[in-house]
>>> print(open('start-v1.pdb').read())   # PDB, C-alpha atoms and all ligand atoms
ATOM      1  CA  MET A   1      27.610  92.709-279.866
ATOM      2  CA  VAL A   2      30.752  93.148-277.788
ATOM      3  CA  THR A   3      30.007  92.338-274.177
ATOM      4  CA  VAL A   4      32.725  92.942-271.639
ATOM      5  CA  SER A   5      32.088  91.702-268.098
ATOM      6  CA  ASN A   6      33.093  93.983-265.245
ATOM      7  CA  CYS A   7      34.043  96.605-267.780
ATOM      8  CA  ALA A   8      32.270  99.179-265.620
ATOM      9  CA  GLU A   9      35.155  99.145-263.163
ATOM     10  CA  GLN A  10      37.858  99.536-265.816
ATOM     11  CA  GLN A  11      36.818 102.283-268.189
ATOM     12  CA  PRO A  12      34.685 105.437-268.132
ATOM     13  CA  LEU A  13      31.015 104.905-268.968
ATOM     14  CA  VAL A  14      28.444 107.010-270.802
ATOM     15  CA  MET A  15      27.056 109.254-268.078
ATOM     16  CA  GLN A  16      23.554 110.549-267.336
ATOM     17  CA  HIS A  17      22.487 114.032-268.407
ATOM     18  CA  THR A  18      19.968 116.647-267.330
ATOM     19  CA  LEU A  19      19.156 120.171-268.532
ATOM     20  CA  ALA A  20      21.808 122.836-267.882
ATOM     21  CA  SER A  21      19.094 125.213-266.566
ATOM     22  CA  GLU A  22      15.312 125.577-266.536
ATOM     23  CA  VAL A  23      13.253 126.711-269.509
ATOM     24  CA  SER A  24       9.512 127.335-270.104
ATOM     25  CA  CYS A  25       6.925 127.597-272.849
ATOM     26  CA  MET A  26       3.167 128.148-273.119
ATOM     27  CA  GLY A  27       0.585 126.541-275.379
ATOM     28  CA  VAL A  28      -2.782 124.782-275.553
ATOM     29  CA  GLY A  29      -3.637 121.122-275.089
ATOM     30  CA  LEU A  30      -4.744 119.296-278.256
ATOM     31  CA  HIS A  31      -7.743 117.600-276.679
ATOM     32  CA  SER A  32      -8.608 119.830-273.723
ATOM     33  CA  GLY A  33      -7.968 123.137-275.483
ATOM     34  CA  ALA A  34      -6.707 124.366-272.090
ATOM     35  CA  SER A  35      -3.877 126.922-272.017
ATOM     36  CA  VAL A  36      -0.925 125.643-269.980
ATOM     37  CA  THR A  37       2.583 126.646-268.990
ATOM     38  CA  LEU A  38       5.263 123.954-269.224
ATOM     39  CA  THR A  39       8.573 124.320-267.382
ATOM     40  CA  LEU A  40      11.477 121.905-267.829
ATOM     41  CA  LYS A  41      13.868 121.827-264.848
ATOM     42  CA  PRO A  42      17.157 120.028-264.161
ATOM     43  CA  ALA A  43      16.739 116.968-261.900
ATOM     44  CA  ALA A  44      19.064 114.813-259.782
ATOM     45  CA  ALA A  45      20.895 111.778-261.191
ATOM     46  CA  ASN A  46      18.850 108.534-261.134
ATOM     47  CA  SER A  47      15.571 110.444-260.633
ATOM     48  CA  GLY A  48      14.240 109.835-264.167
ATOM     49  CA  ILE A  49      11.643 111.904-266.023
ATOM     50  CA  ARG A  50       8.976 113.215-263.633
ATOM     51  CA  PHE A  51       5.879 115.265-264.387
ATOM     52  CA  VAL A  52       4.508 117.563-261.666
ATOM     53  CA  ARG A  53       0.995 119.051-261.919
ATOM     54  CA  THR A  54       1.589 122.410-260.203
ATOM     55  CA  ASP A  55      -2.178 123.149-260.243
ATOM     56  CA  LEU A  56      -2.837 120.160-257.938
ATOM     57  CA  GLU A  57      -2.074 119.491-254.262
ATOM     58  CA  ALA A  58       1.631 119.137-253.478
ATOM     59  CA  GLY A  59       2.635 115.594-252.491
ATOM     60  CA  LYS A  60      -0.067 114.049-254.692
ATOM     61  CA  ASN A  61       0.791 115.731-257.968
ATOM     62  CA  GLU A  62       3.944 113.942-259.174
ATOM     63  CA  ILE A  63       3.885 111.241-261.868
ATOM     64  CA  LEU A  64       6.929 109.224-262.920
ATOM     65  CA  ALA A  65       7.067 108.874-266.710
ATOM     66  CA  GLU A  66       7.206 105.083-266.826
ATOM     67  CA  TYR A  67       5.188 102.466-268.691
ATOM     68  CA  GLN A  68       3.342 101.152-265.610
ATOM     69  CA  ASN A  69       1.817 104.614-265.099
ATOM     70  CA  VAL A  70       0.245 104.782-268.566
ATOM     71  CA  CYS A  71      -3.535 104.906-268.010
ATOM     72  CA  ASP A  72      -4.847 105.732-271.483
ATOM     73  CA  THR A  73      -3.568 105.198-275.024
ATOM     74  CA  LEU A  74      -6.716 105.884-277.038
ATOM     75  CA  LEU A  75      -5.808 109.244-278.585
ATOM     76  CA  CYS A  76      -2.486 110.001-276.931
ATOM     77  CA  THR A  77      -0.276 108.585-274.195
ATOM     78  CA  LYS A  78      -1.530 109.648-270.766
ATOM     79  CA  ILE A  79       0.117 108.845-267.423
ATOM     80  CA  SER A  80      -1.388 109.018-263.942
ATOM     81  CA  ASN A  81      -0.488 108.332-260.315
ATOM     82  CA  GLU A  82      -2.324 106.615-257.434
ATOM     83  CA  HIS A  83      -3.912 109.941-256.401
ATOM     84  CA  GLY A  84      -5.611 110.368-259.772
ATOM     85  CA  ALA A  85      -3.319 113.138-261.035
ATOM     86  CA  SER A  86      -2.711 112.730-264.762
ATOM     87  CA  VAL A  87      -0.925 114.332-267.697
ATOM     88  CA  GLY A  88      -1.952 113.596-271.289
ATOM     89  CA  THR A  89      -0.237 113.866-274.699
ATOM     90  CA  ILE A  90       3.240 113.395-273.250
ATOM     91  CA  GLU A  91       4.642 111.519-276.272
ATOM     92  CA  HIS A  92       5.971 114.397-278.415
ATOM     93  CA  LEU A  93       7.781 115.948-275.443
ATOM     94  CA  MET A  94       9.068 112.494-274.391
ATOM     95  CA  ALA A  95      10.391 111.978-277.941
ATOM     96  CA  ALA A  96      12.477 115.169-277.709
ATOM     97  CA  ILE A  97      13.702 114.211-274.223
ATOM     98  CA  SER A  98      14.675 110.735-275.463
ATOM     99  CA  ALA A  99      16.280 111.805-278.746
ATOM    100  CA  LEU A 100      18.348 114.544-277.072
ATOM    101  CA  GLU A 101      19.467 111.981-274.454
ATOM    102  CA  ILE A 102      18.143 113.536-271.260
ATOM    103  CA  ASP A 103      18.048 111.023-268.396
ATOM    104  CA  ASN A 104      16.689 113.145-265.555
ATOM    105  CA  LEU A 105      14.160 115.962-265.806
ATOM    106  CA  LEU A 106      11.367 117.626-263.852
ATOM    107  CA  VAL A 107       8.458 118.634-266.099
ATOM    108  CA  GLU A 108       6.200 121.124-264.327
ATOM    109  CA  ILE A 109       2.811 121.726-265.902
ATOM    110  CA  ASN A 110      -0.219 123.660-264.611
ATOM    111  CA  GLY A 111      -2.865 121.695-266.510
ATOM    112  CA  PRO A 112      -3.917 118.197-267.637
ATOM    113  CA  GLU A 113      -2.193 118.035-271.012
ATOM    114  CA  VAL A 114       1.208 118.872-272.515
ATOM    115  CA  PRO A 115       0.738 121.743-275.001
ATOM    116  CA  VAL A 116       0.434 120.466-278.567
ATOM    117  CA  MET A 117       2.549 123.338-279.977
ATOM    118  CA  ASP A 118       2.743 122.669-283.756
ATOM    119  CA  GLY A 119       1.853 118.955-283.417
ATOM    120  CA  SER A 120       5.495 117.824-283.604
ATOM    121  CA  SER A 121       8.533 117.549-281.317
ATOM    122  CA  ALA A 122      10.423 120.433-282.957
ATOM    123  CA  PRO A 123       9.362 123.161-280.451
ATOM    124  CA  PHE A 124      10.516 120.945-277.552
ATOM    125  CA  VAL A 125      13.836 120.228-279.293
ATOM    126  CA  PHE A 126      14.275 124.001-279.716
ATOM    127  CA  LEU A 127      13.432 124.596-276.046
ATOM    128  CA  ILE A 128      15.936 121.990-274.815
ATOM    129  CA  GLU A 129      18.674 123.128-277.190
ATOM    130  CA  SER A 130      18.228 126.730-276.052
ATOM    131  CA  VAL A 131      19.649 125.837-272.614
ATOM    132  CA  GLY A 132      21.763 122.733-273.391
ATOM    133  CA  LEU A 133      22.553 119.693-271.263
ATOM    134  CA  LYS A 134      24.734 118.998-268.245
ATOM    135  CA  GLU A 135      26.566 115.742-267.571
ATOM    136  CA  GLN A 136      25.870 114.107-264.195
ATOM    137  CA  ASP A 137      27.943 111.985-261.862
ATOM    138  CA  ALA A 138      26.200 108.651-262.525
ATOM    139  CA  PRO A 139      26.438 106.178-265.424
ATOM    140  CA  ARG A 140      23.501 105.822-267.816
ATOM    141  CA  ARG A 141      21.696 102.483-267.641
ATOM    142  CA  TYR A 142      20.478 100.917-270.873
ATOM    143  CA  ILE A 143      17.804  98.250-271.210
ATOM    144  CA  GLU A 144      19.385  95.584-273.396
ATOM    145  CA  VAL A 145      16.861  93.379-275.200
ATOM    146  CA  LEU A 146      18.032  89.747-274.931
ATOM    147  CA  LYS A 147      15.386  87.902-276.945
ATOM    148  CA  ASP A 148      12.475  88.513-279.308
ATOM    149  CA  VAL A 149       9.230  89.693-277.748
ATOM    150  CA  SER A 150       6.244  90.258-280.033
ATOM    151  CA  LEU A 151       2.536  91.101-279.955
ATOM    152  CA  GLU A 152      -0.327  91.199-282.437
ATOM    153  CA  LEU A 153      -3.665  92.920-281.991
ATOM    154  CA  ASP A 154      -6.417  93.686-284.514
ATOM    155  CA  GLY A 155      -4.124  93.365-287.538
ATOM    156  CA  LYS A 156      -1.388  95.460-285.926
ATOM    157  CA  ALA A 157       1.950  94.014-284.807
ATOM    158  CA  VAL A 158       5.039  95.006-282.808
ATOM    159  CA  ARG A 159       8.295  93.239-281.982
ATOM    160  CA  LEU A 160      11.390  93.992-279.905
ATOM    161  CA  SER A 161      14.572  92.106-280.880
ATOM    162  CA  PRO A 162      18.208  92.175-279.755
ATOM    163  CA  ALA A 163      20.346  94.822-281.544
ATOM    164  CA  GLU A 164      23.514  96.805-280.833
ATOM    165  CA  SER A 165      21.694 100.149-280.923
ATOM    166  CA  PHE A 166      18.115 101.423-280.639
ATOM    167  CA  VAL A 167      16.520 101.035-284.073
ATOM    168  CA  ILE A 168      12.884 101.687-285.027
ATOM    169  CA  ASP A 169      11.464 100.084-288.185
ATOM    170  CA  PHE A 170       7.912 101.338-288.767
ATOM    171  CA  SER A 171       5.325 100.509-291.463
ATOM    172  CA  ILE A 172       1.885 102.024-291.968
ATOM    173  CA  GLU A 173      -0.834 101.458-294.548
ATOM    174  CA  PHE A 174      -3.911 103.593-295.139
ATOM    175  CA  ALA A 175      -6.503 103.394-297.907
ATOM    176  CA  SER A 176      -6.178 107.162-298.458
ATOM    177  CA  GLU A 177      -3.891 107.941-301.394
ATOM    178  CA  ALA A 178      -2.555 110.870-299.387
ATOM    179  CA  ILE A 179      -0.823 108.298-297.137
ATOM    180  CA  GLY A 180      -0.864 104.822-298.731
ATOM    181  CA  LYS A 181       1.948 102.469-297.681
ATOM    182  CA  GLN A 182       4.955 104.023-295.930
ATOM    183  CA  ARG A 183       7.908 102.370-294.218
ATOM    184  CA  ILE A 184      11.066 103.787-292.645
ATOM    185  CA  SER A 185      13.931 102.547-290.469
ATOM    186  CA  PHE A 186      15.694 104.896-288.025
ATOM    187  CA  ASP A 187      18.676 104.337-285.738
ATOM    188  CA  VAL A 188      17.642 106.463-282.751
ATOM    189  CA  SER A 189      21.101 106.087-281.211
ATOM    190  CA  ALA A 190      22.672 107.978-284.120
ATOM    191  CA  SER A 191      22.184 111.616-285.058
ATOM    192  CA  GLY A 192      19.308 112.661-287.283
ATOM    193  CA  PHE A 193      16.187 113.002-285.130
ATOM    194  CA  LYS A 194      16.133 116.791-285.179
ATOM    195  CA  HIS A 195      16.290 117.248-288.947
ATOM    196  CA  ARG A 196      14.682 114.023-290.172
ATOM    197  CA  TYR A 197      11.920 113.325-287.638
ATOM    198  CA  SER A 198      11.311 116.064-285.045
ATOM    199  CA  LYS A 199       9.227 118.256-287.390
ATOM    200  CA  ALA A 200       6.763 115.491-288.373
ATOM    201  CA  ARG A 201       3.285 116.507-287.171
ATOM    202  CA  THR A 202       0.475 114.457-285.716
ATOM    203  CA  PHE A 203      -2.219 113.627-288.271
ATOM    204  CA  GLY A 204      -5.865 112.720-288.504
ATOM    205  CA  PHE A 205      -8.788 112.432-290.874
ATOM    206  CA  LEU A 206     -11.337 115.221-291.127
ATOM    207  CA  HIS A 207     -14.272 112.929-290.215
ATOM    208  CA  GLU A 208     -12.366 111.751-287.119
ATOM    209  CA  VAL A 209     -11.605 115.319-286.057
ATOM    210  CA  GLU A 210     -15.298 116.194-286.412
ATOM    211  CA  HIS A 211     -16.268 113.111-284.386
ATOM    212  CA  LEU A 212     -13.714 113.954-281.656
ATOM    213  CA  ARG A 213     -14.991 117.525-281.490
ATOM    214  CA  SER A 214     -18.552 116.195-281.004
ATOM    215  CA  MET A 215     -17.215 114.231-277.997
ATOM    216  CA  GLY A 216     -15.574 117.358-276.589
ATOM    217  CA  LEU A 217     -12.067 116.305-277.679
ATOM    218  CA  ALA A 218      -9.540 117.822-280.115
ATOM    219  CA  ARG A 219     -10.703 121.265-278.920
ATOM    220  CA  GLY A 220      -7.216 122.671-279.344
ATOM    221  CA  GLY A 221      -6.707 120.942-282.704
ATOM    222  CA  SER A 222      -6.419 122.946-285.908
ATOM    223  CA  LEU A 223      -4.557 122.972-289.203
ATOM    224  CA  ASP A 224      -1.830 124.855-287.282
ATOM    225  CA  ASN A 225      -0.966 121.786-285.189
ATOM    226  CA  ALA A 226      -1.965 118.714-287.208
ATOM    227  CA  VAL A 227      -1.952 117.342-290.735
ATOM    228  CA  VAL A 228      -5.617 116.812-291.619
ATOM    229  CA  VAL A 229      -6.533 114.390-294.406
ATOM    230  CA  ASP A 230      -9.922 114.412-296.158
ATOM    231  CA  GLY A 231     -10.327 111.412-298.465
ATOM    232  CA  ASP A 232      -7.202 111.364-300.649
ATOM    233  CA  ARG A 233      -6.298 114.996-299.949
ATOM    234  CA  VAL A 234      -4.130 116.815-297.387
ATOM    235  CA  LEU A 235      -6.123 119.892-296.324
ATOM    236  CA  ASN A 236      -3.180 121.936-294.988
ATOM    237  CA  GLU A 237      -2.440 124.703-297.497
ATOM    238  CA  THR A 238       1.297 124.466-296.898
ATOM    239  CA  GLY A 239       1.319 120.711-297.606
ATOM    240  CA  LEU A 240       3.639 118.244-295.888
ATOM    241  CA  ARG A 241       6.984 118.894-294.148
ATOM    242  CA  TYR A 242       8.374 115.536-295.382
ATOM    243  CA  SER A 243       6.944 113.497-298.284
ATOM    244  CA  ASP A 244       6.467 110.618-295.813
ATOM    245  CA  GLU A 245       5.587 112.826-292.808
ATOM    246  CA  PHE A 246       2.941 110.335-291.608
ATOM    247  CA  VAL A 247       5.301 107.402-290.963
ATOM    248  CA  ARG A 248       7.944 109.784-289.596
ATOM    249  CA  HIS A 249       5.418 110.968-287.026
ATOM    250  CA  LYS A 250       4.704 107.350-286.073
ATOM    251  CA  VAL A 251       8.454 106.896-285.499
ATOM    252  CA  LEU A 252       8.477 110.095-283.397
ATOM    253  CA  ASP A 253       5.569 108.769-281.285
ATOM    254  CA  ALA A 254       7.424 105.459-280.787
ATOM    255  CA  VAL A 255      10.629 107.264-279.713
ATOM    256  CA  GLY A 256       8.552 109.021-277.027
ATOM    257  CA  ASP A 257       6.390 106.066-275.972
ATOM    258  CA  LEU A 258       9.306 103.626-275.707
ATOM    259  CA  TYR A 259      11.266 106.000-273.459
ATOM    260  CA  LEU A 260       8.679 105.096-270.813
ATOM    261  CA  ALA A 261      10.684 101.870-270.400
ATOM    262  CA  GLY A 262      12.566 103.714-267.645
ATOM    263  CA  GLY A 263      15.849 103.680-269.546
ATOM    264  CA  ARG A 264      17.186 103.812-273.074
ATOM    265  CA  LEU A 265      16.509 100.670-275.084
ATOM    266  CA  LEU A 266      19.211  98.711-276.877
ATOM    267  CA  GLY A 267      17.160  96.735-279.362
ATOM    268  CA  ARG A 268      15.241  96.818-282.633
ATOM    269  CA  PHE A 269      11.581  97.848-282.507
ATOM    270  CA  THR A 270       9.589  96.667-285.531
ATOM    271  CA  ALA A 271       6.040  97.998-285.831
ATOM    272  CA  ASP A 272       3.327  97.405-288.402
ATOM    273  CA  LYS A 273       0.333  99.789-288.204
ATOM    274  CA  ALA A 274       0.899 100.118-284.443
ATOM    275  CA  GLY A 275       0.171 103.048-282.151
ATOM    276  CA  HIS A 276       0.335 104.166-278.529
ATOM    277  CA  GLN A 277      -1.498 101.075-277.206
ATOM    278  CA  LEU A 278       0.882  98.486-278.694
ATOM    279  CA  ASN A 279       3.899 100.701-277.945
ATOM    280  CA  ASN A 280       2.925 100.431-274.274
ATOM    281  CA  MET A 281       1.892  96.763-274.332
ATOM    282  CA  ILE A 282       5.262  95.662-275.761
ATOM    283  CA  LEU A 283       7.057  97.396-272.856
ATOM    284  CA  HIS A 284       4.940  95.377-270.400
ATOM    285  CA  SER A 285       5.752  92.169-272.320
ATOM    286  CA  LEU A 286       9.477  92.896-272.355
ATOM    287  CA  LEU A 287      10.031  94.280-268.871
ATOM    288  CA  GLU A 288       7.786  91.789-267.061
ATOM    289  CA  ASP A 289       9.838  88.896-268.490
ATOM    290  CA  GLN A 290      13.111  88.847-266.528
ATOM    291  CA  THR A 291      14.738  86.610-269.158
ATOM    292  CA  ALA A 292      14.009  89.075-271.986
ATOM    293  CA  TRP A 293      16.264  91.975-270.913
ATOM    294  CA  ARG A 294      19.022  93.160-268.586
ATOM    295  CA  TRP A 295      20.576  96.450-267.505
ATOM    296  CA  ALA A 296      23.670  97.393-269.509
ATOM    297  CA  TYR A 297      26.209 100.214-269.513
ATOM    298  CA  LYS A 298      28.153 101.667-272.432
ATOM    299  CA  ALA A 299      31.809 102.609-272.414
ATOM    300  CA  ALA A 300      32.230 106.355-273.026
ATOM    301  CA  PRO A 301      33.684 107.134-276.475
ATOM    302  CA  ALA A 302      35.764 110.160-275.424
ATOM    303  CA  LYS A 303      36.027 112.583-272.525
ATOM    304  CA  GLN A 304      33.955 115.757-272.901
ATOM    305  CA  GLU A 305      36.015 118.916-272.392
ATOM    306  CA  SER A 306      33.217 120.438-270.344
ATOM    307  CA  ASN A 307      30.325 118.786-268.567
ATOM    308  CA  VAL A 308      27.893 121.160-270.290
ATOM    309  CA  ILE A 309      26.885 120.116-273.802
ATOM    310  CA  ALA A 310      25.977 123.311-275.623
ATOM    311  CA  PHE A 311      23.869 123.111-278.754
ATOM    312  CA  PRO A 312      25.586 125.714-280.949
ATOM    313  CA  SER A 313      23.648 127.317-283.764
ATOM    314  CA  LYS A 314      25.877 126.241-286.641
ATOM    315  CA  ARG A 315      24.605 123.005-288.169
ATOM    316  CA  SER A 316      28.095 121.566-288.663
ATOM    317  CA  ARG A 317      28.803 121.907-284.949
ATOM    318  CA  HIS A 318      25.469 120.272-284.130
ATOM    319  CA  ALA A 319      26.553 117.245-286.088
ATOM    320  CA  ALA A 320      29.818 117.142-284.159
ATOM    321  CA  SER A 321      28.087 117.194-280.774
ATOM    322  CA  TYR A 322      25.677 114.422-281.827
ATOM    323  CA  ASP A 323      28.490 112.313-283.288
ATOM    324  CA  VAL A 324      30.278 112.178-279.936
ATOM    325  CA  ALA A 325      27.153 110.746-278.301
ATOM    326  CA  ALA A 326      26.473 108.371-281.151
ATOM    327  CA  ALA A 327      30.004 107.082-281.720
ATOM    328  CA  ASP A 328      30.333 103.344-281.996
ATOM    329  CA  VAL A 329      31.290 102.116-278.548
ATOM    330  CA  ALA A 330      31.796  98.749-276.962
ATOM    331  CA  LEU A 331      28.947  97.610-274.787
ATOM    332  CA  ALA A 332      29.880  96.877-271.207
ATOM    333  CA  THR A 333      27.593  95.093-268.801
ATOM    334  CA  ALA A 334      27.595  95.326-265.050
ATOM    335  CA  THR A 335      25.475  94.100-262.181
ATOM    336  CA  PRO A 336      22.413  96.346-261.816
ATOM    337  CA  ALA A 337      22.447  98.637-258.802
ATOM    338  CA  GLU A 338      18.995  97.428-257.818
TER     339      GLU A 338
HETATM  340 ZN    ZN B 401       1.897 111.851-282.056
END
>>> encode(input="start-v1.pdb", output="structure tokens")
Amino acid sequence: MVTVSNCAEQQPLVMQHTLASEVSCMGVGLHSGASVTLTLKPAAANSGIRFVRTDLEAGKNEILAEYQNVCDTLLCTKISNEHGASVGTIEHLMAAISALEIDNLLVEINGPEVPVMDGSSAPFVFLIESVGLKEQDAPRRYIEVLKDVSLELDGKAVRLSPAESFVIDFSIEFASEAIGKQRISFDVSASGFKHRYSKARTFGFLHEVEHLRSMGLARGGSLDNAVVVDGDRVLNETGLRYSDEFVRHKVLDAVGDLYLAGGRLLGRFTADKAGHQLNNMILHSLLEDQTAWRWAYKAAPAKQESNVIAFPSKRSRHAASYDVAAADVALATATPAE
């Protein structure tokens, strides 16, 4: 890794981005079944990703999307604030926000759960691309992993290690022949999320869905927004979107969950059979050890002609816009602002 001290003062850095304008969608929550409206709004530089429950009292309804605010990881990732306001199932939206490199965003929602849409991140990618991004007047801070941090729990394991980009290496193993053993490695910093991962849907077993329903959960769940496995069979008539859709969805979840670090990670995340709980626990382990990480800045690869990044409809031009963001750049470090 190329580390250049005081580089921040000498060359332009990768800058923060927000949405170019606001955009909304409607849908139902996977577990609550409640119909909600979600509105994504541009937000000021250095303000991060913030959820606002517009159905709750102003002043007590804002929740910063950071790992310390995660209050539940049993079925989804849920965040809450000190006033008891919470938003559940944020991970698929957070994955789209992370993969499309949005630093600052206001997420207004008039209910307790982000709409499940089709069970993937694709609808949120579409929503964000429909308005595009805007560059902001502040450099993006990265969280550079400096040493290995690892955790094991109930036969599941996760590790964060130093790396030049943000890489996720995920393995899963299920007795069901419909899933079996699957493993994939993805460089999140490069292009590819939209076509190779964003369409991967959440999944569950039929007996689990029935059990959740009996507990009053998964009320909004159906074959329209989840892959449902019964024994060795996928029940969805249209089959899978990727042959290894299950592990790709686990990668998608990790992209979303790990963006709760409060900045983009520069490191390798290795996970074996992990889920939302370990994704959150490893962030606590990393960020609460001051010797395990530091803030870093990246030198900008090339000047954008405009400060609005459009997402044009032609695939070839998509690739070009992603390549600019993902170009190999020297890593510069600077003293954190706080
Ligand atoms: Zn998921």
>>> atom_distance(input="start-v1.pdb", atom1="atom CA of A:Ala163", atom2="atom CA of A:Ile143")
11.2 Å
>>> atom_distance(input="start-v1.pdb", atom1="atom CA of A:Asn279", atom2="atom CA of A:Gly263")
14.9 Å
>>> residues_near_ligand(input="start-v1.pdb", ligand="ligand ZN 401 (chain B)", cutoff="10 Å", atoms="all atoms listed in the file", output="ChimeraX atom specification")
/A:75-77,89-93,95,116,119-121,200-203,226,246,248-254,256-257,275-276
>>> resolve_selection(input="start-v1.pdb", expression="the PyMOL selection byres (((chain A and resi 234-245) around 8) and not hetatm)", output="ChimeraX atom specification")
/A:178-179,182,199-201,223,227-230,232-233,246-249
>>> resolve_selection(input="start-v1.pdb", expression="the PyMOL selection byres (((chain A and resi 186-192) around 6) and not hetatm)", output="JSON, numbers by chain")
{"A": [165, 166, 167, 168, 185, 193, 194, 195, 196, 322, 326]}
>>> residues_around(input="start-v1.pdb", residues="A:Phe124", least_positions_apart="5", cutoff="12 Å", atoms="all atoms listed in the file", output="JSON, numbers by chain")
{"A": [23, 24, 25, 26, 27, 38, 39, 40, 90, 91, 92, 93, 94, 95, 96, 97, 98, 99, 100, 107, 114, 115, 116, 117, 118, 119, 129, 130, 131, 194, 198, 199]}
>>> atom_distance(input="start-v1.pdb", atom1="atom CA of A:Arg140", atom2="atom CA of A:Ser86")
27.3 Å
